[in-house]
Amino acid sequence: MSSDASSVPPIDFLAVGHICRDLAPDGWVMGGAAAYGGLTAHALGCRVGVVTSGAAEDDWAAALPEVAVHQIDSPMTTVFENVYTDTGRVQTVHSVAGRIRTDHVPPSWTRAPMVLLGPIANEIDPDLIGRFSNSLIGVGPQGWLRRWDERGRVHSVAWETAAVVLPLAAVTFVSEEDLPDAATLDDYRRLAGILVLTQGARGCTVFCRGEARSFPSPTVTVADLTGAGDIFAAAYLVRFHQTDGNLWAAAEYANHIAAEAITRRGLPAKMNVVRQRVAELIHSSTSW
């Protein structure tokens, strides 16, 4: 189904990308940067909209009543399967939903204060970043770095549109796993306004205008790392916006939010602990 674009509600935060089914041994769970990032922004107090694509039987609006979902009809929903072996993760894509184009974003949402572009299967038209003229735009390019063979086995590729997207994004989030070599990091730093390199348990490093600062992550007991990067990206954008552009404070805040989230297993539990932590901070004198 596709929502009526003329009746979409006002939002503070827009997440764009496929909401997917992640196959698990006991069934499937909801996944995708749009889901994790959008729900994180909601947990942090934002009015959230999501633009996604999927099959009609996957009613993501019903599955995510906390946010406004604009779902583009597609014959299929994106489905991933991850198998972890001694030599690393083997990722397979079983189906891919339709591409998300510039005209799929409701006009009123193109003025959202914060936008997170989170492709997971090369589904977002890179030109879509030009649709937002007055938004704080964050980009998680992981899905633009993936392709797959005839069996659906996923492999990494170079980011072909980096030179187009990076200069237009306010903040770009990449993980160490996304970078094949140090030269690629240098290229991204040269093109990006703010580049945030996430480094797992070590935290993150923020690059801006020739300056680099590292921020350690709190030490926690990890239950589930799924979605950590997407949670971090959404938290960073929200805090960056709240602090009128304090890129260093945003990094510390995002580290703490992501660290809290990975102490729980599953998307609902992660969001519950984030909401609890934010509520505690509001009622205390402590802040990040």
# chains A, B, ... in the order shown; residues from 1 in each chain; ligands from 1

call {"tool": "residues_around", "arguments": {"residues": "Pro119 in chain A", "least_positions_apart": "2", "cutoff": "7 Å", "atoms": "only C-alpha atoms", "output": "list in words"}}
result
Gly17, His18, Leu117, Ala121, Asn122, Glu123, Ile124, Pro141, Gln142, Gly143 and Trp144 of chain A

call {"tool": "select_by_dssp", "arguments": {"residues": "range 153-217 of chain A", "states": "strand (DSSP E)", "output": "ChimeraX atom specification"}}
result
/A:154-156,171-175,194-198,204-208,211-215

call {"tool": "atom_distance", "arguments": {"atom1": "CA of Glu260 in chain A", "atom2": "CA of Ala35 in chain A"}}
result
17.6 Å

call {"tool": "closest_residue", "arguments": {"among": "A:Arg213, A:Arg189, A:Arg101, A:Arg131", "to": "Trp248 in chain A", "atoms": "only C-alpha atoms"}}
result
A:Arg213

call {"tool": "select_by_dssp", "arguments": {"residues": "range 15-197 of chain A", "states": "helix (DSSP H, G or I)", "output": "ChimeraX atom specification"}}
result
/A:33-43,60-63,102-104,107-111,126-131,141-145,162-168,176-178,182-191

call {"tool": "write_last_selection", "arguments": {"atoms": "N, CA and C atoms", "output": "short mmCIF file (atom, residue, chain, number, x, y, z; two decimals), in the first residue's frame"}}
result
data_model
loop_
_atom_site.label_atom_id
_atom_site.label_comp_id
_atom_site.auth_asym_id
_atom_site.auth_seq_id
_atom_site.Cartn_x
_atom_site.Cartn_y
_atom_site.Cartn_z
N ALA A 33 18.08 0.12 8.02
CA ALA A 33 18.47 1.39 8.64
C ALA A 33 17.28 2.30 8.86
N ALA A 34 16.30 2.26 7.96
CA ALA A 34 15.12 3.13 8.12
C ALA A 34 14.34 2.77 9.37
N ALA A 35 14.23 1.46 9.66
CA ALA A 35 13.51 1.02 10.85
C ALA A 35 14.28 1.38 12.12
N TYR A 36 15.54 0.99 12.17
CA TYR A 36 16.34 1.26 13.37
C TYR A 36 16.55 2.75 13.59
N GLY A 37 16.90 3.47 12.51
CA GLY A 37 17.13 4.90 12.65
C GLY A 37 15.86 5.67 12.98
N GLY A 38 14.76 5.32 12.30
CA GLY A 38 13.51 6.01 12.55
C GLY A 38 13.00 5.80 13.96
N LEU A 39 13.05 4.56 14.45
CA LEU A 39 12.57 4.29 15.80
C LEU A 39 13.48 4.91 16.86
N THR A 40 14.76 5.00 16.57
CA THR A 40 15.66 5.67 17.51
C THR A 40 15.31 7.15 17.63
N ALA A 41 15.10 7.81 16.50
CA ALA A 41 14.71 9.22 16.54
C ALA A 41 13.41 9.41 17.30
N HIS A 42 12.46 8.49 17.11
CA HIS A 42 11.19 8.56 17.86
C HIS A 42 11.44 8.41 19.36
N ALA A 43 12.30 7.45 19.73
CA ALA A 43 12.60 7.24 21.14
C ALA A 43 13.27 8.46 21.76
N TRP A 60 4.14 -2.19 6.78
CA TRP A 60 5.08 -1.61 7.73
C TRP A 60 4.44 -0.50 8.55
N ALA A 61 3.42 0.15 8.03
CA ALA A 61 2.73 1.17 8.82
C ALA A 61 2.05 0.55 10.03
N ALA A 62 1.46 -0.63 9.85
CA ALA A 62 0.84 -1.33 10.97
C ALA A 62 1.88 -1.86 11.94
N ALA A 63 3.03 -2.29 11.40
CA ALA A 63 4.09 -2.83 12.24
C ALA A 63 4.80 -1.76 13.04
N THR A 102 13.21 10.07 -6.31
CA THR A 102 13.01 11.41 -5.75
C THR A 102 11.54 11.77 -5.63
N ASP A 103 10.70 11.30 -6.56
CA ASP A 103 9.28 11.66 -6.52
C ASP A 103 8.49 10.84 -5.51
N HIS A 104 9.12 9.90 -4.83
CA HIS A 104 8.42 9.10 -3.84
C HIS A 104 8.31 9.79 -2.48
N PRO A 107 5.91 15.80 -0.70
CA PRO A 107 6.50 17.15 -0.77
C PRO A 107 6.73 17.81 0.59
N SER A 108 5.79 17.67 1.52
CA SER A 108 5.97 18.33 2.81
C SER A 108 7.12 17.74 3.60
N TRP A 109 7.47 16.48 3.33
CA TRP A 109 8.57 15.85 4.06
C TRP A 109 9.93 16.26 3.51
N THR A 110 9.98 16.89 2.36
CA THR A 110 11.27 17.36 1.84
C THR A 110 11.79 18.54 2.64
N ARG A 111 10.97 19.06 3.55
CA ARG A 111 11.39 20.16 4.41
C ARG A 111 11.63 19.70 5.85
N PRO A 126 20.55 8.05 -5.80
CA PRO A 126 21.45 9.04 -5.20
C PRO A 126 21.01 10.48 -5.43
N ASP A 127 20.29 10.73 -6.52
CA ASP A 127 19.82 12.08 -6.80
C ASP A 127 18.81 12.57 -5.76
N LEU A 128 18.28 11.64 -4.97
CA LEU A 128 17.28 12.02 -3.98
C LEU A 128 17.84 13.01 -2.96
N ILE A 129 19.15 12.97 -2.72
CA ILE A 129 19.74 13.88 -1.74
C ILE A 129 19.53 15.34 -2.14
N GLY A 130 19.37 15.61 -3.42
CA GLY A 130 19.11 16.97 -3.88
C GLY A 130 17.68 17.42 -3.69
N ARG A 131 16.83 16.54 -3.23
CA ARG A 131 15.41 16.85 -3.02
C ARG A 131 15.20 17.69 -1.77
N PRO A 141 25.99 5.05 3.87
CA PRO A 141 26.06 4.57 2.49
C PRO A 141 26.16 3.06 2.33
N GLN A 142 26.05 2.28 3.41
CA GLN A 142 26.34 0.86 3.33
C GLN A 142 25.64 0.15 2.18
N GLY A 143 24.38 0.47 1.95
CA GLY A 143 23.63 -0.19 0.88
C GLY A 143 24.10 0.18 -0.52
N TRP A 144 24.77 1.32 -0.65
CA TRP A 144 25.36 1.69 -1.94
C TRP A 144 26.68 0.96 -2.18
N LEU A 145 27.18 0.29 -1.15
CA LEU A 145 28.44 -0.44 -1.25
C LEU A 145 28.22 -1.95 -1.43
N ALA A 162 29.95 8.44 -4.69
CA ALA A 162 30.47 9.15 -3.52
C ALA A 162 30.74 10.62 -3.82
N ALA A 163 31.28 10.91 -4.98
CA ALA A 163 31.62 12.30 -5.32
C ALA A 163 30.39 13.17 -5.49
N VAL A 164 29.24 12.54 -5.75
CA VAL A 164 27.98 13.28 -5.87
C VAL A 164 27.33 13.47 -4.51
N VAL A 165 27.31 12.42 -3.71
CA VAL A 165 26.55 12.43 -2.46
C VAL A 165 27.31 13.10 -1.31
N LEU A 166 28.57 12.79 -1.15
CA LEU A 166 29.31 13.26 0.03
C LEU A 166 29.30 14.79 0.20
N PRO A 167 29.52 15.58 -0.85
CA PRO A 167 29.52 17.03 -0.64
C PRO A 167 28.15 17.60 -0.24
N LEU A 168 27.07 16.87 -0.52
CA LEU A 168 25.73 17.36 -0.22
C LEU A 168 25.22 16.92 1.14
N GLU A 176 34.34 1.02 9.92
CA GLU A 176 35.64 0.53 9.46
C GLU A 176 35.46 -0.61 8.46
N GLU A 177 34.40 -1.40 8.63
CA GLU A 177 34.15 -2.51 7.71
C GLU A 177 33.81 -2.03 6.31
N ASP A 178 33.34 -0.78 6.19
CA ASP A 178 32.97 -0.24 4.88
C ASP A 178 34.17 0.21 4.06
N ALA A 182 43.03 2.66 3.54
CA ALA A 182 43.18 4.01 4.08
C ALA A 182 42.97 5.08 3.02
N ALA A 183 43.29 4.77 1.78
CA ALA A 183 43.11 5.76 0.71
C ALA A 183 41.64 6.11 0.52
N THR A 184 40.76 5.13 0.70
CA THR A 184 39.33 5.40 0.57
C THR A 184 38.87 6.35 1.67
N LEU A 185 39.35 6.14 2.89
CA LEU A 185 39.02 7.05 3.98
C LEU A 185 39.49 8.46 3.65
N ASP A 186 40.66 8.61 3.11
CA ASP A 186 41.17 9.93 2.75
C ASP A 186 40.30 10.58 1.68
N ASP A 187 39.85 9.80 0.71
CA ASP A 187 38.97 10.33 -0.33
C ASP A 187 37.65 10.81 0.27
N TYR A 188 37.08 10.01 1.14
CA TYR A 188 35.81 10.40 1.78
C TYR A 188 35.99 11.65 2.62
N ARG A 189 37.09 11.73 3.36
CA ARG A 189 37.34 12.91 4.20
C ARG A 189 37.44 14.17 3.34
N ARG A 190 38.07 14.06 2.20
CA ARG A 190 38.24 15.21 1.32
C ARG A 190 36.91 15.70 0.78
N LEU A 191 35.98 14.79 0.52
CA LEU A 191 34.71 15.14 -0.10
C LEU A 191 33.63 15.52 0.90
#
